[in-house]
$ cat upload26.cif   # mmCIF, C-alpha atoms
data_start
loop_
_atom_site.label_atom_id
_atom_site.label_comp_id
_atom_site.auth_asym_id
_atom_site.auth_seq_id
_atom_site.Cartn_x
_atom_site.Cartn_y
_atom_site.Cartn_z
CA ARG A 53 0.00 0.00 0.00
CA TRP A 54 2.84 2.41 0.84
CA ALA A 55 4.60 1.89 -2.52
CA ARG A 56 1.36 2.44 -4.48
CA ASP A 57 0.36 5.63 -2.64
CA PRO A 58 2.18 8.71 -4.04
CA SER A 59 1.12 10.82 -1.06
CA ARG A 60 3.05 8.51 1.25
CA CYS A 61 6.09 7.29 -0.68
CA ASP A 62 6.87 10.32 -2.87
CA VAL A 63 8.27 13.58 -1.50
CA GLU A 64 6.51 15.42 -4.32
CA GLY A 65 3.34 13.36 -3.90
CA ARG A 66 3.07 12.71 -7.65
CA GLU A 67 4.29 9.19 -8.45
CA THR A 68 4.35 5.67 -7.05
CA LEU A 69 7.56 3.89 -6.14
CA ASN A 70 7.48 1.90 -9.39
CA ASP A 71 7.22 5.14 -11.36
CA LYS A 72 10.25 6.52 -9.55
CA ILE A 73 12.27 3.37 -10.20
CA ASN A 74 11.30 3.43 -13.88
CA LEU A 75 12.57 7.01 -14.16
CA VAL A 76 15.88 5.99 -12.63
CA ILE A 77 16.20 3.03 -15.03
CA GLU A 78 15.48 5.28 -18.02
CA ASP A 79 18.16 7.72 -16.86
CA ARG A 80 20.62 4.84 -16.61
CA VAL A 81 19.88 3.75 -20.19
CA PHE A 82 19.74 7.15 -21.89
CA VAL A 83 21.94 9.33 -19.65
CA GLY A 84 24.13 6.90 -17.75
CA CYS A 85 22.98 7.22 -14.15
CA GLY A 86 19.93 7.98 -12.02
CA PHE A 87 19.51 8.76 -8.32
CA LEU A 88 16.98 8.13 -5.56
CA VAL A 89 17.16 9.88 -2.20
CA TRP A 90 15.27 8.52 0.79
CA SER A 91 14.26 10.57 3.80
CA VAL A 92 12.14 10.17 6.92
CA GLY A 93 9.29 12.61 7.40
CA ARG A 94 6.99 13.30 10.31
CA PRO A 95 4.94 10.26 11.34
CA PHE A 96 1.19 10.48 10.78
CA PRO A 97 -0.84 9.71 13.94
CA GLY A 98 -2.34 6.24 13.66
CA SER A 99 -0.69 5.59 10.29
CA ALA A 100 -0.18 1.98 9.27
CA THR A 101 2.91 2.83 7.18
CA PRO A 102 6.22 4.43 8.19
CA PRO A 103 7.00 8.03 7.10
CA LEU A 104 9.59 6.89 4.54
CA GLN A 105 9.68 8.95 1.36
CA VAL A 106 11.84 8.97 -1.78
CA GLN A 107 12.76 11.58 -4.35
CA ALA A 108 14.39 11.08 -7.75
CA PHE A 109 16.86 13.43 -9.39
CA GLU A 110 19.05 13.34 -12.50
CA LEU A 111 22.60 14.23 -13.46
CA GLU A 112 21.73 17.81 -14.44
CA GLN A 113 20.78 18.54 -10.83
CA LEU A 114 24.29 17.85 -9.50
CA ASP A 115 26.07 21.02 -8.36
CA THR A 116 29.25 21.00 -10.42
CA SER A 117 30.19 24.51 -9.23
CA LYS A 118 31.60 22.93 -6.07
CA ASP A 119 34.09 20.79 -7.98
CA THR A 120 37.65 21.02 -6.66
CA VAL A 121 40.93 20.76 -8.54
CA ARG A 122 42.95 19.59 -5.56
CA ALA A 123 42.06 17.52 -2.53
CA THR A 124 41.15 19.29 0.69
CA ARG A 125 43.05 18.91 3.94
CA GLN A 126 40.86 15.96 4.80
CA GLY A 127 41.78 14.37 1.45
CA HIS A 128 38.32 14.92 -0.04
CA THR A 129 37.71 15.79 -3.68
CA ILE A 130 34.52 16.89 -5.45
CA ARG A 131 33.99 15.86 -9.05
CA ASN A 132 30.71 16.40 -10.89
CA GLY A 133 29.09 17.40 -7.62
CA ILE A 134 30.07 14.11 -5.86
CA GLU A 135 32.37 14.37 -2.86
CA THR A 136 34.67 11.41 -2.29
CA ALA A 137 37.32 10.36 0.21
CA ALA A 138 40.94 9.68 -0.63
CA ARG A 139 40.28 6.22 -2.07
CA GLY A 140 37.12 7.09 -3.96
CA ARG A 141 34.46 6.28 -1.35
CA ILE A 142 31.46 8.58 -1.86
CA LEU A 143 30.75 10.76 1.18
CA PHE A 144 28.28 13.42 0.00
CA VAL A 145 26.31 14.26 -3.10
CA HIS A 146 25.78 17.98 -3.76
CA VAL A 147 22.48 18.36 -5.58
CA PHE A 148 19.77 20.93 -6.29
CA LEU A 149 16.66 19.24 -4.90
CA ASP A 150 14.24 22.15 -4.62
CA GLN A 151 14.52 23.38 -8.20
CA HIS A 152 15.89 21.97 -11.45
CA PRO A 153 18.70 24.18 -12.80
CA GLN A 154 17.42 23.92 -16.37
CA GLU A 155 13.83 24.78 -15.41
CA ALA A 156 14.50 27.62 -12.95
CA LEU A 157 13.56 31.16 -13.98
CA LEU A 158 16.26 32.46 -11.67
CA LEU A 159 19.46 30.86 -10.51
CA PRO A 160 18.68 27.96 -8.17
CA ARG A 161 19.35 28.30 -4.50
CA GLU A 162 22.27 26.76 -2.68
CA SER A 163 22.62 23.03 -3.30
CA THR A 164 22.17 20.44 -0.58
CA ALA A 165 24.93 18.10 0.58
CA ILE A 166 23.22 14.74 1.05
CA PRO A 167 25.07 11.96 2.91
CA ALA A 168 25.97 9.07 0.65
CA ASP A 169 24.07 6.50 2.76
CA ARG A 170 20.80 8.25 1.82
CA VAL A 171 21.55 8.32 -1.92
CA LEU A 172 20.80 5.29 -4.08
CA MET A 173 22.91 5.63 -7.22
CA PHE A 174 21.98 3.43 -10.17
CA GLY A 175 24.37 3.18 -13.10
CA LYS A 176 26.73 0.80 -14.91
CA ARG A 177 30.38 1.77 -14.76
CA THR A 178 32.58 0.80 -17.69
CA ARG A 179 35.97 1.22 -15.98
CA PHE A 180 37.52 1.41 -12.51
CA GLY A 181 37.49 4.81 -10.83
CA GLN A 182 34.74 6.14 -13.07
CA MET A 183 32.58 8.60 -11.15
CA LEU A 184 29.63 8.90 -13.54
CA PRO A 185 28.98 6.03 -15.98
CA PRO A 186 28.12 6.71 -19.64
CA SER A 187 24.81 6.03 -21.32
CA GLU A 188 24.17 2.37 -22.06
CA ILE A 189 23.31 3.23 -25.66
CA SER A 190 26.46 5.34 -26.17
CA PRO A 191 28.12 2.59 -28.32
CA VAL A 192 25.33 2.90 -30.90
CA LEU A 193 24.48 6.60 -30.74
CA LEU A 194 26.54 7.48 -33.84
CA LYS A 195 25.05 4.60 -35.82
CA LEU A 196 21.55 5.57 -34.72
CA TRP A 197 22.15 9.13 -35.91
CA ARG A 198 23.54 8.00 -39.27
CA ASN A 199 20.68 5.57 -39.84
CA ASN A 200 18.22 8.29 -39.01
CA GLN A 201 19.89 10.54 -41.59
CA TYR A 202 19.81 7.77 -44.21
CA ASP A 203 16.17 7.00 -43.55
CA GLU A 204 15.26 10.69 -43.70
CA HIS A 205 17.04 11.09 -47.06
CA GLU A 206 15.21 8.06 -48.43
CA GLN A 207 11.90 9.52 -47.33
CA ILE A 208 12.68 12.86 -49.00
CA ALA A 209 13.66 11.10 -52.23
CA LYS A 210 10.47 9.05 -52.14
CA GLN A 211 8.38 12.17 -51.59
CA ILE A 212 10.00 13.81 -54.62
CA GLU A 213 9.35 10.76 -56.78
CA ALA A 214 5.80 10.40 -55.49
CA PHE A 215 4.94 13.98 -56.50
CA PHE A 216 2.10 13.64 -59.02
CA ALA A 217 3.38 14.40 -62.51
CA MET A 218 2.90 13.15 -66.07
CA VAL A 219 5.28 13.09 -69.02
CA ILE A 220 4.80 12.83 -72.78
CA GLN A 221 6.91 10.01 -74.19
CA THR A 222 7.66 9.93 -77.95
CA ASP A 223 8.01 6.70 -79.88
CA PRO A 224 11.65 6.41 -81.10
CA ARG A 225 10.42 5.45 -84.58
CA TYR A 226 9.33 9.01 -85.11
CA GLY A 227 12.76 10.43 -84.46
CA PRO A 228 14.25 12.16 -81.45
CA PRO A 229 12.91 15.57 -80.53
CA ASN A 230 14.71 18.59 -81.89
CA LEU A 231 15.93 20.69 -78.98
CA GLY A 232 16.63 23.66 -81.15
CA THR A 233 14.42 26.63 -81.89
CA PRO A 234 10.74 25.78 -81.41
CA THR A 235 8.79 25.63 -84.67
CA LYS A 236 5.14 25.17 -85.42
CA PRO A 237 4.19 21.68 -86.60
CA THR A 238 3.21 21.49 -90.26
CA PRO A 239 0.96 18.91 -91.79
CA GLY A 240 2.78 16.12 -93.51
CA THR A 241 3.78 12.54 -93.20
CA LEU A 242 5.70 10.70 -90.54
CA THR A 243 9.46 10.44 -90.77
CA GLY A 244 9.28 6.73 -89.98
CA THR A 245 8.63 4.03 -92.51
CA GLU A 246 5.57 2.77 -90.65
CA GLY A 247 2.29 4.26 -89.72
CA GLY A 248 1.41 6.04 -92.96
CA GLY A 249 0.55 9.72 -93.13
CA ASN A 250 -1.37 11.86 -90.68
CA THR A 251 -2.27 15.48 -91.19
CA ASP A 252 -2.24 16.04 -87.41
CA THR A 253 1.46 15.25 -87.05
CA PRO A 254 4.52 17.27 -88.03
CA SER A 255 6.44 16.40 -91.17
CA SER A 256 9.65 16.50 -89.20
CA PRO A 257 10.31 15.97 -85.48
CA THR A 258 10.30 19.33 -83.79
CA TYR A 259 10.51 20.58 -80.22
CA ARG A 260 7.13 21.41 -78.74
CA GLU A 261 6.70 24.13 -76.19
CA LEU A 262 3.64 23.45 -74.02
CA ASN A 263 2.07 26.23 -72.01
CA LEU A 264 -0.56 24.51 -69.92
CA SER A 265 -3.00 25.81 -67.39
CA PRO A 266 -3.99 23.65 -64.42
CA GLY A 267 -6.43 20.96 -65.47
CA ASN A 268 -5.62 21.17 -69.21
CA ILE A 269 -4.53 18.16 -71.26
CA PRO A 270 -2.46 18.72 -74.42
CA GLU A 271 -3.29 17.12 -77.74
CA LEU A 272 -1.02 14.18 -78.39
CA PHE A 273 0.53 13.52 -81.78
CA THR A 274 0.97 10.12 -83.28
CA GLY A 275 3.77 8.29 -81.50
CA GLU A 276 3.31 10.20 -78.24
CA GLU A 277 2.07 8.58 -75.06
CA LEU A 278 1.13 10.05 -71.69
CA LYS A 279 2.89 8.32 -68.76
CA THR A 280 2.90 8.83 -64.99
CA ILE A 281 5.96 8.60 -62.75
CA ASN A 282 6.17 5.40 -60.70
CA PRO A 283 8.22 5.93 -57.51
CA THR A 284 11.04 3.42 -57.11
CA ARG A 285 12.47 4.57 -53.77
CA PRO A 286 13.53 3.39 -51.31
CA GLY A 287 14.22 0.37 -53.50
CA PRO A 288 14.27 -3.40 -52.96
CA GLN A 289 17.52 -3.30 -50.95
CA TYR A 290 16.20 -0.89 -48.32
CA GLU A 291 14.60 -3.49 -46.04
CA ALA A 292 17.62 -5.83 -46.04
CA TYR A 293 20.01 -2.94 -45.40
CA MET A 294 17.98 -1.52 -42.52
CA LYS A 295 17.53 -4.98 -41.00
CA SER A 296 21.29 -5.51 -40.92
CA GLN A 297 21.80 -2.05 -39.39
CA HIS A 298 19.14 -2.70 -36.76
CA GLY A 299 20.85 -5.99 -35.91
CA MET A 300 24.14 -4.20 -35.25
CA ILE A 301 22.36 -1.56 -33.17
CA ALA A 302 20.60 -4.25 -31.15
CA SER A 303 23.90 -6.04 -30.46
CA GLY A 304 25.51 -2.81 -29.28
CA ALA A 305 22.57 -2.11 -26.97
CA ASP A 306 22.47 -5.67 -25.52
CA LEU A 307 19.16 -6.43 -27.18
CA SER A 308 17.94 -8.95 -29.69
CA HIS A 309 16.72 -7.84 -33.11
CA SER A 310 13.23 -9.08 -32.24
CA ALA A 311 13.11 -7.05 -29.04
CA LEU A 312 14.39 -3.93 -30.79
CA MET A 313 11.98 -4.11 -33.72
CA ARG A 314 9.07 -5.76 -31.83
CA ARG A 315 8.94 -8.46 -34.51
CA PHE A 316 8.54 -11.97 -33.14
CA ASP A 317 8.37 -14.49 -35.96
CA GLY A 318 10.14 -17.66 -36.95
CA THR A 319 10.39 -21.10 -35.42
CA TYR A 320 9.96 -22.04 -31.77
CA VAL A 321 13.70 -22.68 -31.42
CA ASN A 322 14.49 -19.25 -32.79
CA GLY A 323 11.96 -17.65 -30.47
CA ARG A 324 13.27 -19.57 -27.47
CA MET A 325 16.87 -18.53 -28.21
CA THR A 326 15.78 -14.91 -28.58
CA VAL A 327 13.98 -15.01 -25.24
CA ASN A 328 16.98 -16.63 -23.54
CA GLU A 329 19.32 -13.91 -24.78
CA ASP A 330 16.96 -11.15 -23.70
CA GLU A 331 16.37 -12.74 -20.31
CA LYS A 332 20.11 -12.73 -19.60
CA VAL A 333 20.12 -8.95 -19.84
CA HIS A 334 16.76 -8.49 -18.10
CA ASP A 335 17.66 -10.83 -15.23
CA LEU A 336 20.91 -8.97 -14.59
CA LEU A 337 19.11 -5.63 -14.67
CA GLN A 338 16.43 -6.95 -12.34
CA MET A 339 19.02 -8.18 -9.84
CA GLN A 340 20.70 -4.77 -9.92
CA VAL A 341 17.39 -2.98 -9.34
CA VAL A 342 16.77 -5.21 -6.31
CA ASP A 343 20.30 -4.85 -4.90
CA TYR A 344 20.76 -1.10 -5.46
CA LEU A 345 17.23 0.28 -5.17
CA THR A 346 14.50 -2.00 -3.86
CA ARG A 347 16.31 -3.89 -1.09
CA PRO A 348 17.82 -0.79 0.60
CA LEU A 349 14.40 0.87 0.63
CA ARG A 350 12.78 -2.24 2.05
CA ASP A 351 15.41 -2.42 4.81
CA ARG A 352 14.74 1.21 5.79
CA PHE A 353 11.01 0.47 5.67
CA THR A 354 11.39 -2.52 7.99
CA ASP A 355 13.63 -0.60 10.42
CA LEU A 356 11.07 2.19 10.73
CA CYS A 357 8.21 -0.26 11.24
CA VAL A 358 10.07 -1.76 14.19
CA LEU A 359 11.16 1.60 15.64
CA LEU A 360 7.69 3.15 15.40
CA ASN A 361 5.87 -0.02 16.53
CA ILE A 362 3.80 -0.23 13.35
CA ASP A 363 1.56 -3.30 13.16
CA GLY A 364 2.88 -4.43 16.54
CA LEU A 365 6.46 -4.88 15.28
CA GLY A 366 7.82 -2.80 18.15
CA ASP A 367 7.92 -5.91 20.33
CA LEU A 368 10.72 -7.18 18.11
CA ALA A 369 12.94 -4.16 18.72
CA PRO A 370 15.14 -5.64 21.49
CA ASP A 371 15.97 -8.71 19.43
CA TYR A 372 15.87 -6.92 16.05
CA PHE A 373 18.60 -4.44 16.97
CA ASP A 374 20.48 -6.81 19.29
CA SER A 375 23.13 -7.54 16.69
CA GLU A 376 23.78 -7.14 13.00
CA GLY A 377 23.15 -10.84 12.51
CA HIS A 378 19.69 -10.61 14.02
CA THR A 379 18.86 -7.54 11.93
CA LEU A 380 19.91 -9.28 8.72
CA ALA A 381 17.93 -12.36 9.67
CA TYR A 382 14.74 -10.31 10.10
CA ARG A 383 15.39 -8.55 6.80
CA GLU A 384 15.88 -11.79 4.87
CA ASN A 385 13.41 -12.22 2.02
CA GLU A 386 13.05 -13.79 -1.40
CA TRP A 387 12.38 -11.55 -4.38
CA MET A 388 9.98 -12.83 -7.01
CA PRO A 389 10.37 -11.66 -10.62
CA PRO A 390 7.43 -10.62 -12.80
CA ARG A 391 5.53 -13.51 -14.28
CA ARG A 392 6.81 -14.67 -17.66
CA LYS A 393 4.49 -16.43 -20.01
CA PRO A 394 6.05 -19.30 -22.00
CA ILE A 395 6.30 -19.10 -25.78
CA ASP A 396 4.68 -22.52 -26.17
CA PRO A 397 3.01 -23.67 -22.92
CA ALA A 398 2.87 -27.34 -23.98
CA LYS A 399 6.56 -27.53 -24.88
CA GLN A 400 7.54 -25.58 -21.76
CA ALA A 401 5.53 -27.95 -19.55
CA ALA A 402 7.19 -30.96 -21.19
CA ALA A 403 10.63 -29.43 -20.62
CA ASP A 404 9.82 -28.73 -16.97
CA ALA A 405 8.69 -32.35 -16.50
CA ILE A 406 11.96 -33.65 -17.94
CA ASN A 407 14.03 -31.34 -15.72
CA LEU A 408 12.09 -32.49 -12.66
CA GLU A 409 12.52 -36.15 -13.58
CA TYR A 410 16.29 -35.83 -13.83
CA PHE A 411 16.53 -33.56 -10.76
CA LEU A 412 17.81 -30.59 -12.82
CA THR A 413 15.41 -28.22 -11.05
CA HIS A 414 12.74 -28.23 -8.37
CA ARG A 415 9.13 -27.12 -8.19
CA GLY A 416 9.92 -24.02 -6.15
CA GLU A 417 12.24 -22.70 -8.86
CA ILE A 418 9.66 -23.35 -11.58
CA LEU A 419 6.90 -21.67 -9.56
CA ASN A 420 9.17 -18.74 -8.79
CA GLU A 421 9.80 -18.22 -12.50
CA ARG A 422 6.03 -18.07 -13.02
CA ASN A 423 5.64 -15.74 -10.04
CA LEU A 424 3.39 -18.38 -8.42
CA LEU A 425 5.38 -19.16 -5.30
CA VAL A 426 3.25 -18.73 -2.20
#

$ encode --input "upload26.cif" --output "C-alpha cells"
Amino acid sequence: RWARDPSRCDVEGRETLNDKINLVIEDRVFVGCGFLVWSVGRPFPGSATPPLQVQAFELEQLDTSKDTVRATRQGHTIRNGIETAARGRILFVHVFLDQHPQEALLLPRESTAIPADRVLMFGKRTRFGQMLPPSEISPVLLKLWRNNQYDEHEQIAKQIEAFFAMVIQTDPRYGPPNLGTPTKPTPGTLTGTEGGGNTDTPSSPTYRELNLSPGNIPELFTGEELKTINPTRPGPQYEAYMKSQHGMIASGADLSHSALMRRFDGTYVNGRMTVNEDEKVHDLLQMQVVDYLTRPLRDRFTDLCVLLNIDGLGDLAPDYFDSEGHTLAYRENEWMPPRRKPIDPAKQAAADAINLEYFLTHRGEILNERNLLV
C-alpha cells in the first residue's frame, strides 16, 4: 500500500515507487545514471505505514560549481558534484533538490549536501574509478544518428518521386525531338517508314513548347504517349540494409533484433533462443534494481516499522537491533520476478517435467519463474 500511494512514498506526492524506479532506469539507459534519495518525514498519527519517502533526481541537478581541482586537507575531492574520500568512497552528493537548474527562472538556491548513505545511485560503470557512468546506448548513438539521416534522405527522395506528374513520351520510330528553336508543326507525313501519313502530325520531329493551365490536357501527336511517374524509392535493398543495421544496433545495446523491432516471428527454437538472450540482460538488470534500489528501501522500511511499533512490530525491537546478525535475519526475504508467459506452454511444460525427472530443477524454482510461489 505504501509503494502504491504517491502521497506517502513520494516527497513530491506525484508518483508511485514503481514510477520513480522506472525514471531511474530510463536515466541509466539514456543518460548513464539515475539517483533516488530517501528521507524520513513526520509520522502520521495512527498511520499503518512508516513516514519513509523517496525523491528522484538526475545528473543535471548535480552542483558542479563545487568541484575542486585539488584535494582538501581531509583528502576529499569533489567531481561532478560528488564528494569522495581519498580512495574514492562517496561521502556526499551535492544536488539541487528544490529546483531543477534547467527549469528555474532564476538561478537555483544553494545546493544540498546529502550523505551518501541516503543516496541510491543506479548506473553501470565501464571502468575502474569512473565517477559517472556513460549512457548504455552510447556505443550505438553514432550509428543511430547515421541511420536516421539515411532513412530521412530516403523519405525525402520518395516524396519527390511520389509527387504527381505526367510526361509525354515519344516513340523512337518518329525520331528524337529537336531541342533547337521551337517551330510550329506542319501537316505532312511521318518520318518513320511505318504508320502512314497523318495530317495532325509534323512532317519532321520538332521541339514542342507546351504552355498549360492547371487541369488542361495537351493534344497528343501520333507516336506520343502520356505516362505517370512510378516511384522506385527506397528500393528493394532498403529493407535488407535496414535490418542488418538494426541488428548491429541491437547487439551494441544488448538487445535482440526481435526485441528492438518488436517483430517476433520464426520457429519455436528461434523464439526460445531470442527469449533466452533477452532474459540474460533483463535478469541482470532486475538483480541490480533489487540490490541497489529495492532492497535498501525495504530495509529502511522494515527498520522504521520496528522503531515506530507499526503493526505491533515494536515488540521485536530488542531482538531486532540486538546484533547485525539478528537484523539481517529479520530482513531476509526472497524476491519474485514478474511472471513470464512461456512461448509454447505445452513444450515448456514438457521441458519442466523432464528437468524435474532428472533432478535438474525443483518445483519451487519453476513456480518462482512463473511468479506463483506462495

$ resolve_selection --input "upload26.cif" --expression "the PyMOL selection byres ((chain A and resi 394) around 12)" --output "PyMOL selection string"
chain A and resi 320+323-324+327-328+391-393+395-404+418+421-422

$ residues_near_point --input "upload26.cif" --point "(36.4, 3.4, -4.1)" --cutoff "10 Å" --atoms "all atoms listed in the file" --output "ChimeraX atom specification"
/A:136-142,180-183

$ residues_around --input "upload26.cif" --residues "Ile77 in chain A" --least-positions-apart "2" --cutoff "10 Å" --atoms "all atoms listed in the file" --output "VMD selection string"
chain A and resid 71 to 75 79 to 87 174 to 175 337 341

$ write_last_selection --input "upload26.cif" --atoms "C-alpha atoms" --output "short mmCIF file (atom, residue, chain, number, x, y, z; two decimals), keeping the file's coordinate frame"
data_model
loop_
_atom_site.label_atom_id
_atom_site.label_comp_id
_atom_site.auth_asym_id
_atom_site.auth_seq_id
_atom_site.Cartn_x
_atom_site.Cartn_y
_atom_site.Cartn_z
CA ASP A 71 7.22 5.14 -11.36
CA LYS A 72 10.25 6.52 -9.55
CA ILE A 73 12.27 3.37 -10.20
CA ASN A 74 11.30 3.43 -13.88
CA LEU A 75 12.57 7.01 -14.16
CA ASP A 79 18.16 7.72 -16.86
CA ARG A 80 20.62 4.84 -16.61
CA VAL A 81 19.88 3.75 -20.19
CA PHE A 82 19.74 7.15 -21.89
CA VAL A 83 21.94 9.33 -19.65
CA GLY A 84 24.13 6.90 -17.75
CA CYS A 85 22.98 7.22 -14.15
CA GLY A 86 19.93 7.98 -12.02
CA PHE A 87 19.51 8.76 -8.32
CA PHE A 174 21.98 3.43 -10.17
CA GLY A 175 24.37 3.18 -13.10
CA LEU A 337 19.11 -5.63 -14.67
CA VAL A 341 17.39 -2.98 -9.34
#

$ resolve_selection --input "upload26.cif" --expression "the PyMOL selection byres ((chain A and resi 357-368) around 9)" --output "VMD selection string"
chain A and resid 95 98 to 102 352 to 356 369 to 373

$ atom_distance --input "upload26.cif" --atom1 "CA of Thr129 in chain A" --atom2 "CA of Phe144 in chain A"
10.4 Å

$ closest_residue --input "upload26.cif" --among "A:Asn407, A:Thr164, A:Gln201, A:Gln211" --to "Pro286 in chain A" --atoms "all atoms listed in the file"
A:Gln211

$ residues_near_point --input "upload26.cif" --point "(13.0, 9.8, -1.7)" --cutoff "8 Å" --atoms "all atoms listed in the file" --output "VMD selection string"
chain A and resid 61 to 63 88 to 91 104 to 108

$ decode --input "upload26.cif" --residues "range 83-94 of chain A" --atoms "N, CA and C atoms" --output "PDB file, in the first residue's frame"
ATOM      1  N   VAL A  83      20.999   8.325 -20.139  1.00  0.00           N
ATOM      2  CA  VAL A  83      21.939   9.329 -19.653  1.00  0.00           C
ATOM      3  C   VAL A  83      23.179   8.691 -19.051  1.00  0.00           C
ATOM      4  N   GLY A  84      22.995   7.586 -18.361  1.00  0.00           N
ATOM      5  CA  GLY A  84      24.127   6.898 -17.748  1.00  0.00           C
ATOM      6  C   GLY A  84      23.932   6.599 -16.281  1.00  0.00           C
ATOM      7  N   CYS A  85      23.129   7.420 -15.590  1.00  0.00           N
ATOM      8  CA  CYS A  85      22.977   7.218 -14.154  1.00  0.00           C
ATOM      9  C   CYS A  85      21.729   7.938 -13.669  1.00  0.00           C
ATOM     10  N   GLY A  86      21.080   7.358 -12.666  1.00  0.00           N
ATOM     11  CA  GLY A  86      19.934   7.979 -12.019  1.00  0.00           C
ATOM     12  C   GLY A  86      20.083   7.866 -10.510  1.00  0.00           C
ATOM     13  N   PHE A  87      19.361   8.701  -9.773  1.00  0.00           N
ATOM     14  CA  PHE A  87      19.511   8.755  -8.324  1.00  0.00           C
ATOM     15  C   PHE A  87      18.147   8.729  -7.644  1.00  0.00           C
ATOM     16  N   LEU A  88      18.117   8.068  -6.484  1.00  0.00           N
ATOM     17  CA  LEU A  88      16.984   8.128  -5.558  1.00  0.00           C
ATOM     18  C   LEU A  88      17.516   8.548  -4.198  1.00  0.00           C
ATOM     19  N   VAL A  89      16.791   9.439  -3.543  1.00  0.00           N
ATOM     20  CA  VAL A  89      17.157   9.879  -2.199  1.00  0.00           C
ATOM     21  C   VAL A  89      16.007   9.532  -1.260  1.00  0.00           C
ATOM     22  N   TRP A  90      16.313   8.841  -0.172  1.00  0.00           N
ATOM     23  CA  TRP A  90      15.272   8.519   0.794  1.00  0.00           C
ATOM     24  C   TRP A  90      15.406   9.430   2.014  1.00  0.00           C
ATOM     25  N   SER A  91      14.282   9.720   2.613  1.00  0.00           N
ATOM     26  CA  SER A  91      14.256  10.573   3.798  1.00  0.00           C
ATOM     27  C   SER A  91      13.113  10.108   4.688  1.00  0.00           C
ATOM     28  N   VAL A  92      13.161  10.526   5.937  1.00  0.00           N
ATOM     29  CA  VAL A  92      12.140  10.169   6.917  1.00  0.00           C
ATOM     30  C   VAL A  92      11.404  11.440   7.306  1.00  0.00           C
ATOM     31  N   GLY A  93      10.104  11.459   7.057  1.00  0.00           N
ATOM     32  CA  GLY A  93       9.289  12.613   7.403  1.00  0.00           C
ATOM     33  C   GLY A  93       8.671  12.484   8.775  1.00  0.00           C
ATOM     34  N   ARG A  94       7.680  13.325   9.024  1.00  0.00           N
ATOM     35  CA  ARG A  94       6.995  13.304  10.314  1.00  0.00           C
ATOM     36  C   ARG A  94       5.933  12.207  10.311  1.00  0.00           C
TER      37      ARG A  94
END
